[in-house]
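S.K.: Can you read through this structure? Questions will come right after.
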Amino acid sequence: MDVRKITESLIGSGIKRKLEEWGGPEEVSVSVEIPRQEEHGDFATNAALQLAGNLKRKPRDVAAELLDAIRREDTEGWIRDLSVAGPGFINIVLSDEAWRETLATALEKGERFGAAGEGEGESVLLEFVSANPTGPLHVGHGRGAAVGDALARILAFAGFRVTTEYYVNDVGNQIDKLGMSLHARYLQLCGRKIELPEDGYRGEYLIDIAREFREEVGDRYLSVSEKEAFPLFRKVACDRILDGIRKDLEAFHVHFDRWFREGSLHESGAVAEVLEELRERGQLYESEGAVYFKSESHGDEKDRVLVRADGRTTYFASDLAYHRAKFRQAHARVIDIWGADHHGYAPRLSAALRGLGENDDRLEILLVQFVSLIRDGKTVPMSTRTGEFTTLREVIDEVGVDAARFFYLLRSFHSHLDFDLTLAKTRSSENPVYYIQYVHARICSIFREAVERGTVFSTSPSLSVLSLPDEIQLMKRVARFPDVVSESARAREPHRIPFYLLDLSRQFHAFYHNHRFLGESNERTQGRLALATAVRNVVSIGLSLIGVSAPERM
RNA sequence: GCGCCUGUAGCUCAGGGGAUAGAGCGCCGGCCUCCGGAGCCGGGUGCGGAGGUUCGAUUCCUCCCAGGCGCGCCA
């Protein structure tokens, strides 16, 4: 039982019937939406407004006839009331029985309620975070992690086959610099008076790694030539930082199916291969010793270097090989989540894929905007110059995983985020994450109390006792959940889930205050407990979709 | 200069071609013999500006203004 589908189908067949009679257009685009104003019904359609122009008739007249047609389609009696309103909307009020049926469906489906088949088993490769292993994850990466992980969960729940991947940039200039920086730190600890390389990594974490490494190997590499020491230090730095990143993500309850190393593309010859293919396709040319890709002819601003004058390939070349590899796997969609600072990179990647003869429509790039930390009403300073970022770990330690993940998702990722640390760590009513979790804990508490009172739970409670407006109202919120999941998945917008949960929670808390679950007649208690079960399920599912726990006690 | 994102209530933000634009925070008042007060109820001045498309624009288009982020043979 899906109220939306039923409503859409009734309207659809009503329109079809009338169109046969009127001889109107074959295709019309009509919307069925939930009106903002409750008095405008459970659903409303603009069908008559859309058709009126074509038919050269008054919208309200069309609506009146359409209304009759829809009513005739409703042989099951799902519709309680139909009316023409405003300029020609048709407002639809469903019967209480329709909502009770939805509740029954929610109970029946349990943990799978809302798992619509939206994705139809389509395979999606979702890459996110992919921060360079040159330092610990900071608050910005945290947002990418929260968004990416939630999206993975939502897409999977909506029926997509999702694989998550972290792309590790373990080669290139930045990693070289990292290796040199660690080497310098090591020598400093050995008592050498040497400076960090220019543009080296100055963070404390490298000193820690150097110290740890020196404890293991002593001064063994003190007199080894830089050239010899370099590959080792590069690897040590990269491995240990990556290990820290893994642990941070684990602590943040973010899981990756695969960790894909950029280095493997060089080792396997994939980079050379993709260059060769572009050459064969006539997409390359040389200039001033460097090899360029003709990306401008595919819509990029200008042509881009793939092989430098010194013979080394660029990051772009690796990334091309990487995306070519992703495209060759049988994924219908390839989704990349990037920090907004990389947005200028998107056109050239798409251009390159087109240059390789791929359909770049399969590639979706989601750009997550920046994060500012706010503490006590003031922006927490972050310095790019000194590399002094607040780390993700610090945020987790300060506010906890649940609050951190929730706050990251409480804004559309298209917008800049002001992350209010003070509010996030408030363990009280002002904090929205507890407001939602409290619903879950409260319902669990009701059941504990019910057991305490010796309540015998009915396996198939009669729902017909639920007829109060507040009861129907709460059912309506529950019924909306599958729609929210579908929309969230389709739009790739995880934030819709927490917003929905807040709305549901408000309804529940208000209901709780106005009515009692226990102590009513046995029949009513059983019905109310069924309703509570459905709410608890939806809260539990919704929270799990954004990676937040649903505690039984708080 | 060019490109991407964003301008909605005091603050932080949802929403979105339609009928009276919402929430949280903050502020001011109420509510605990009763399933958990981490709760409930009440109180509101707002779509940056100018044009355009439309029966209808806060939503779409153009321009302008403001903020953020980019524009490397870095990644």
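Ordered as shown in the structure tokens, chains take letters A, B, and onward, while each chain numbers its residues from 1 and ligands are numbered from 1 in the order shown.
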Give me, as JSON lines, the closest atom pair and its distance (Å, one decimal) for every residue of chain B within a cut-off of 8 Å of chain A, counting only C-alpha atoms (C1' of nucleotides), rows sorted by chain and rising number.
M.R.:
{"residue": "B:G3", "atom": "C1'", "partner": "A:Gly344", "partner_atom": "CA", "distance": 7.2}
{"residue": "B:C4", "atom": "C1'", "partner": "A:His343", "partner_atom": "CA", "distance": 6.2}
{"residue": "B:C5", "atom": "C1'", "partner": "A:His414", "partner_atom": "CA", "distance": 6.3}
{"residue": "B:U6", "atom": "C1'", "partner": "A:Ser415", "partner_atom": "CA", "distance": 6.0}
{"residue": "B:U12", "atom": "C1'", "partner": "A:Asp418", "partner_atom": "CA", "distance": 7.3}
{"residue": "B:C13", "atom": "C1'", "partner": "A:Arg411", "partner_atom": "CA", "distance": 6.9}
{"residue": "B:A14", "atom": "C1'", "partner": "A:Phe499", "partner_atom": "CA", "distance": 7.6}
{"residue": "B:A19", "atom": "C1'", "partner": "A:Gly86", "partner_atom": "CA", "distance": 5.5}
{"residue": "B:G24", "atom": "C1'", "partner": "A:Pro432", "partner_atom": "CA", "distance": 7.4}
{"residue": "B:C25", "atom": "C1'", "partner": "A:Glu430", "partner_atom": "CA", "distance": 7.2}
{"residue": "B:C35", "atom": "C1'", "partner": "A:Ile446", "partner_atom": "CA", "distance": 5.3}
{"residue": "B:G36", "atom": "C1'", "partner": "A:Arg442", "partner_atom": "CA", "distance": 6.5}
{"residue": "B:A38", "atom": "C1'", "partner": "A:Ser428", "partner_atom": "CA", "distance": 4.9}
{"residue": "B:G39", "atom": "C1'", "partner": "A:His509", "partner_atom": "CA", "distance": 6.8}
{"residue": "B:C40", "atom": "C1'", "partner": "A:His513", "partner_atom": "CA", "distance": 5.9}
{"residue": "B:G68", "atom": "C1'", "partner": "A:His416", "partner_atom": "CA", "distance": 7.5}
{"residue": "B:C69", "atom": "C1'", "partner": "A:Asp341", "partner_atom": "CA", "distance": 5.5}
{"residue": "B:G70", "atom": "C1'", "partner": "A:Asp341", "partner_atom": "CA", "distance": 5.7}
{"residue": "B:C71", "atom": "C1'", "partner": "A:Gly344", "partner_atom": "CA", "distance": 7.1}
{"residue": "B:C73", "atom": "C1'", "partner": "A:Arg308", "partner_atom": "CA", "distance": 4.7}
{"residue": "B:C74", "atom": "C1'", "partner": "A:Asn173", "partner_atom": "CA", "distance": 7.1}
{"residue": "B:A75", "atom": "C1'", "partner": "A:Tyr315", "partner_atom": "CA", "distance": 6.5}
S.K.: Quick one: residues within 10 Å of Tyr221 in chain A, only C-alpha atoms (C1' of nucleotides) counted, chain neighbours fewer than 3 positions away excluded, as a PyMOL selection string?
M.R.: chain A and resi 183+186-187+190+214+217-218+224-226+228-229+232-233
S.K.: Enter the distance from CA of Ser460 in chain A to CA of Leu107 in chain A, in Å, rounded to one decimal.
M.R.: 10.0 Å
S.K.: Could you name the residues that touch range 53-60 of chain B at 7 Å or less, counting only C-alpha atoms (C1' of nucleotides), but leaving out those on the same chain fewer than 2 positions away, as a JSON list (two decimals) with C-alpha atoms (C1' of nucleotides), in the first residue's frame?
M.R.:
[["chain", "number", "residue", "atom", "x", "y", "z"],
["B", 16, "G", "C1'", 10.24, 25.76, -4.31],
["B", 17, "G", "C1'", 6.29, 27.43, -11.50],
["B", 18, "G", "C1'", 0.88, 27.84, -8.21],
["B", 47, "C", "C1'", 12.49, 35.44, -0.46]]
S.K.: Would you kindly return, as an mmCIF file with C-alpha atoms, in the first residue's frame, each protein, DNA or RNA residue with an atom no farther than 7 Å from any atom of Lys18 in chain A, considering only C-alpha atoms (C1' of nucleotides) and excluding same-chain residues fewer than 3 positions away?
M.R.:
data_model
loop_
_atom_site.group_PDB
_atom_site.id
_atom_site.type_symbol
_atom_site.label_atom_id
_atom_site.label_comp_id
_atom_site.auth_asym_id
_atom_site.auth_seq_id
_atom_site.Cartn_x
_atom_site.Cartn_y
_atom_site.Cartn_z
ATOM 1 C CA GLY A 14 -9.086 9.543 -14.692
ATOM 2 C CA ILE A 15 -7.184 11.832 -17.024
ATOM 3 C CA GLU A 21 -13.462 11.594 -24.610
ATOM 4 C CA TRP A 22 -12.055 15.076 -25.234
ATOM 5 C CA LEU A 66 -11.868 15.519 -14.216
ATOM 6 C CA ALA A 69 -13.772 10.916 -13.703
#
S.K.: Would you please extract all strand (DSSP E or B) residues from range 86-220 of chain A, as assigned by DSSP on the backbone, and give them as a list in words?
M.R.: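 Here is the list: Phe89, Ile90, Asn91, Ile92, Val93, Leu94, Ser123, Val124, Leu125, Leu126, Glu127, His138, Arg161, Val162, Thr163, Thr164, Glu165, Tyr166, Tyr167 and Val168 of chain A.
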